[in-house]
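Student: Questions regarding the structure given below will be posed in turn.
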Amino acid sequence: MAQPVAEPVAGRDILTLLDKVALILSTFDDDTWQQSLTELTARSGLAKATVHRLAGEMVGVGLLEKTGIHYRLGLRLFELGQLVPRQRTLREVGRPYVRKLMTFSQETVHLALRDGLDVIYVDKLEGDRGLQDVSRVAGRLPAHATATGKVLLAHSNRTVLEALAFRGLTPLTRRTTSSFAVLRRQLDRIRADGFAREVEETRLGYMSIAVPVHHGERDVVAALSVTGTVQRLSPAQSRLIPQLRQAAAAISADLVARAE
């Protein structure tokens with residue numbers, strides 16, 4: 001759940017208009033999809049008069065909607081989100097291979113990008129035995145607690161890892177990696193093996209296996225994963241990893257072809 005934030009940019013004493021709008025938007029999350037003016041004020045840390053004025057203007061341009069006393073995110077944000085080039089291209093290219101992998105595994109398949117220290121899911125398909133909650137398209141989770149996130153962290157630069165060490169490793173379950181030293185060893189192993197695995201770090205009873213998606217020979221731009229129960233996925237790893245790699249390689253090749 002999002003927490004009240006007093007300052008969106010470290011070291012900034014004066015908030016700009018865009019800072020304040022960003023603060024209001026950031027108060028919404030998976031658990032908080034509508035809020036009253038009082039709740040928006042408390043969660044944003046802004047003055048009530050400021051929130052009242054800006055929320056009204058945001059309703060006017062479609063960034064927010066108002067129903068009764070509650071505010072919700074507006075459809076204009078959804079429209080704009082669909083135009084983001086990186087996620088749109090990746091989802092369009094990846095969807096046939098995500099579907100094929102889901103059909104093969106009958107488990108949940110994710111395609112994810114890194115955004116800061118989190119992963120954002122640009123596509124998700126659920127098999128007959130699929131995972132229906134925890135993740136969603138356009139949702140985000142801490143990178144260190146997911147297989148897709150570990151793959152992306154393993155191929156991130158030192159600045160990203162330093163920021164993660166500074167922020168700390170927030171646990172999602174009692175099995176989530178909480179030691180940065182342990183995480184560094186995991187990332188070294190992922191680079192050597194070419195795939196990542198997390199067991200019950202995001203949700204107890206479930207595990208994920210993920211591989212990188214490249215653009216060109218070296219750049220890792222996304223991660224592809226299969227998620228299912230530990231009971232089902234653990235014995236199936238030897239047949240799933242080659243399928244994951246094959247699908248990721250096909251997505252990578254199509255991304256390069258589209259860019260040419």
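Residue numbering restarts at 1 for every chain of the structure tokens, chains are lettered A, B, ... in their displayed order, and ligands are numbered from 1 as they appear.
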Run DSSP on the backbone of this structure and report the residues of region 30-81 of chain A it assigns to helix (DSSP H, G or I), as a list in words.
Tutor: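 Those in region 30-81 of chain A that DSSP calls helix (DSSP H, G or I) are Leu37, Thr38, Glu39, Leu40, Thr41, Ala42, Arg43, Ser44, Lys48, Ala49, Thr50, Val51, His52, Arg53, Leu54, Ala55, Gly56, Glu57, Met58, Val59, Gly60, Leu75, Arg76, Leu77, Phe78, Glu79, Leu80 and Gly81 of chain A.
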Student: Pull the strand (DSSP E) assignments for region 66-235 of chain A out of DSSP run on the backbone, and list those residues as a ChimeraX atom specification.
Tutor: /A:66-67,70-73,108-115,118-125,140-142,196-199,206-215,219-229
Student: Pick out the closest residue to Ala223 (chain A) from this set: A:Ala257, A:Val151, A:Ala165, A:Ile190. Count only C-alpha atoms.
Tutor: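 Closest to Ala223 (chain A) of all the choices is A:Val151.
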Student: Write out as a list in words the residues lying within 8 Å of Leu152 (chain A), counting only C-alpha atoms and excluding same-chain residues fewer than 3 positions away.
Tutor: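 Selected residues are Leu113, Arg114, Ala143, Thr148, Gly149, His155, Ser156, Pro212, Val220, Val221, Ala222 and Ala223 of chain A.
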Student: Any chance you can output those residues with N, CA, C and O atoms as an mmCIF file, in the first residue's frame?
Tutor:
```cif
data_model
loop_
_atom_site.group_PDB
_atom_site.id
_atom_site.type_symbol
_atom_site.label_atom_id
_atom_site.label_comp_id
_atom_site.auth_asym_id
_atom_site.auth_seq_id
_atom_site.Cartn_x
_atom_site.Cartn_y
_atom_site.Cartn_z
ATOM 1 N N LEU A 113 9.220 -5.425 -17.257
ATOM 2 C CA LEU A 113 10.285 -4.431 -17.390
ATOM 3 C C LEU A 113 10.704 -3.978 -16.003
ATOM 4 O O LEU A 113 9.935 -4.086 -15.046
ATOM 5 N N ARG A 114 11.917 -3.439 -15.902
ATOM 6 C CA ARG A 114 12.332 -2.809 -14.646
ATOM 7 C C ARG A 114 12.025 -1.319 -14.700
ATOM 8 O O ARG A 114 12.297 -0.655 -15.688
ATOM 9 N N ALA A 143 11.664 -5.542 -7.181
ATOM 10 C CA ALA A 143 12.471 -6.387 -8.073
ATOM 11 C C ALA A 143 13.187 -7.502 -7.326
ATOM 12 O O ALA A 143 13.314 -8.618 -7.835
ATOM 13 N N THR A 148 11.554 -12.325 -12.239
ATOM 14 C CA THR A 148 11.783 -11.362 -13.315
ATOM 15 C C THR A 148 12.655 -10.220 -12.822
ATOM 16 O O THR A 148 13.573 -9.765 -13.517
ATOM 17 N N GLY A 149 12.389 -9.748 -11.619
ATOM 18 C CA GLY A 149 13.172 -8.650 -11.062
ATOM 19 C C GLY A 149 14.620 -9.022 -10.820
ATOM 20 O O GLY A 149 15.538 -8.233 -11.077
ATOM 21 N N HIS A 155 21.365 -7.746 -14.488
ATOM 22 C CA HIS A 155 21.913 -7.090 -15.677
ATOM 23 C C HIS A 155 21.794 -5.569 -15.589
ATOM 24 O O HIS A 155 21.824 -4.889 -16.619
ATOM 25 N N SER A 156 21.661 -5.062 -14.361
ATOM 26 C CA SER A 156 21.586 -3.620 -14.155
ATOM 27 C C SER A 156 22.947 -3.074 -13.756
ATOM 28 O O SER A 156 23.835 -3.814 -13.321
ATOM 29 N N PRO A 212 16.195 -13.694 -19.219
ATOM 30 C CA PRO A 212 16.264 -12.347 -19.798
ATOM 31 C C PRO A 212 15.798 -12.300 -21.245
ATOM 32 O O PRO A 212 15.907 -13.284 -21.979
ATOM 33 N N VAL A 220 19.868 -6.227 -21.969
ATOM 34 C CA VAL A 220 18.706 -6.929 -21.422
ATOM 35 C C VAL A 220 17.614 -5.889 -21.200
ATOM 36 O O VAL A 220 17.798 -4.949 -20.434
ATOM 37 N N VAL A 221 16.496 -6.051 -21.884
ATOM 38 C CA VAL A 221 15.447 -5.039 -21.834
ATOM 39 C C VAL A 221 14.201 -5.505 -21.100
ATOM 40 O O VAL A 221 13.338 -4.694 -20.766
ATOM 41 N N ALA A 222 14.079 -6.801 -20.858
ATOM 42 C CA ALA A 222 12.885 -7.324 -20.207
ATOM 43 C C ALA A 222 13.188 -8.704 -19.638
ATOM 44 O O ALA A 222 14.291 -9.230 -19.796
ATOM 45 N N ALA A 223 12.189 -9.268 -18.968
ATOM 46 C CA ALA A 223 12.325 -10.623 -18.431
ATOM 47 C C ALA A 223 11.021 -11.373 -18.651
ATOM 48 O O ALA A 223 9.928 -10.789 -18.598
#
```
Student: Neighbours of Pro96 (chain A) within 12 Å (only C-alpha atoms; same-chain residues fewer than 6 positions away dropped), as a PyMOL selection string?
Tutor: chain A and resi 90+102-103+109+111+123-125+247-248+250-251+254
Student: Using CA of Gly68 (chain A) and CA of Leu23 (chain A) as the two end points, give the distance in Å to one decimal.
Tutor: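 Computing the Euclidean distance for CA of Gly68 (chain A) and CA of Leu23 (chain A) yields 22.0 Å.
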Student: Within 8 Å of Leu187 (chain A), counting only C-alpha atoms, which residues show up once you throw out same-chain ones fewer than 3 positions away? Write them as a PDB file with N, CA, C and O atoms, in the first residue's frame, please.
Tutor:
```pdb
ATOM      1  N   LYS A 150      14.852 -10.236 -10.350  1.00  0.00           N
ATOM      2  CA  LYS A 150      16.228 -10.678 -10.116  1.00  0.00           C
ATOM      3  C   LYS A 150      17.004 -10.745 -11.437  1.00  0.00           C
ATOM      4  O   LYS A 150      18.189 -10.381 -11.489  1.00  0.00           O
ATOM      5  N   VAL A 151      16.346 -11.223 -12.507  1.00  0.00           N
ATOM      6  CA  VAL A 151      16.999 -11.243 -13.816  1.00  0.00           C
ATOM      7  C   VAL A 151      17.392  -9.832 -14.234  1.00  0.00           C
ATOM      8  O   VAL A 151      18.518  -9.585 -14.685  1.00  0.00           O
ATOM      9  N   LEU A 153      17.766  -7.129 -12.328  1.00  0.00           N
ATOM     10  CA  LEU A 153      18.794  -6.591 -11.437  1.00  0.00           C
ATOM     11  C   LEU A 153      20.168  -7.159 -11.771  1.00  0.00           C
ATOM     12  O   LEU A 153      21.183  -6.455 -11.677  1.00  0.00           O
ATOM     13  N   ALA A 154      20.197  -8.435 -12.145  1.00  0.00           N
ATOM     14  CA  ALA A 154      21.474  -9.081 -12.471  1.00  0.00           C
ATOM     15  C   ALA A 154      22.150  -8.411 -13.653  1.00  0.00           C
ATOM     16  O   ALA A 154      23.377  -8.497 -13.803  1.00  0.00           O
ATOM     17  N   LEU A 183      21.613 -11.413  -1.844  1.00  0.00           N
ATOM     18  CA  LEU A 183      21.095 -11.032  -3.156  1.00  0.00           C
ATOM     19  C   LEU A 183      22.225 -10.890  -4.172  1.00  0.00           C
ATOM     20  O   LEU A 183      22.093 -11.341  -5.322  1.00  0.00           O
ATOM     21  N   ARG A 184      23.344 -10.297  -3.778  1.00  0.00           N
ATOM     22  CA  ARG A 184      24.469 -10.150  -4.705  1.00  0.00           C
ATOM     23  C   ARG A 184      24.965 -11.509  -5.187  1.00  0.00           C
ATOM     24  O   ARG A 184      25.286 -11.678  -6.369  1.00  0.00           O
ATOM     25  N   ILE A 190      22.790 -15.878 -11.271  1.00  0.00           N
ATOM     26  CA  ILE A 190      21.852 -15.680 -12.386  1.00  0.00           C
ATOM     27  C   ILE A 190      22.602 -15.339 -13.663  1.00  0.00           C
ATOM     28  O   ILE A 190      22.294 -15.869 -14.738  1.00  0.00           O
ATOM     29  N   ARG A 191      23.608 -14.471 -13.547  1.00  0.00           N
ATOM     30  CA  ARG A 191      24.394 -14.125 -14.735  1.00  0.00           C
ATOM     31  C   ARG A 191      25.128 -15.347 -15.282  1.00  0.00           C
ATOM     32  O   ARG A 191      25.264 -15.511 -16.502  1.00  0.00           O
TER      33      ARG A 191
END
```
Student: Which residues are close to Gly56 (chain A), i.e. within 12 Å by only C-alpha atoms, leaving aside same-chain residues fewer than 3 positions away? Reply as a count of residues only.
Tutor: 20
Student: Could you jot down the CA of Thr16 (chain A) to CA of Leu46 (chain A) separation for me, Å, one decimal place?
Tutor: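 Those two atoms sit 12.0 Å apart.
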Student: Choose the residue, out of A:Phe195, A:Arg174, A:His214, A:Val256, that has the smallest atom-to-atom separation from Gln237 (chain A); count only C-alpha atoms.
Tutor: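 Distance minimum relative to Gln237 (chain A) lands on A:Phe195.
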Student: Between A:Asp115, A:Glu217, A:Asp193, A:Asp31, single out the one closest to Ala249 (chain A), counting only C-alpha atoms.
Tutor: A:Glu217
Student: Using CA of Asp19 (chain A) and CA of Leu54 (chain A) as the two end points, give the distance in Å to one decimal.
Tutor: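 CA of Leu54 (chain A) lies at a distance of 11.5 Å from CA of Asp19 (chain A).
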Student: Find the residues near Ala42 (chain A): any atom within 10 Å, counting only C-alpha atoms, skip ones fewer than 2 places away on the same chain, and give them as number ranges by chain.
Tutor: A: 3-5, 27, 36-40, 44-48, 51
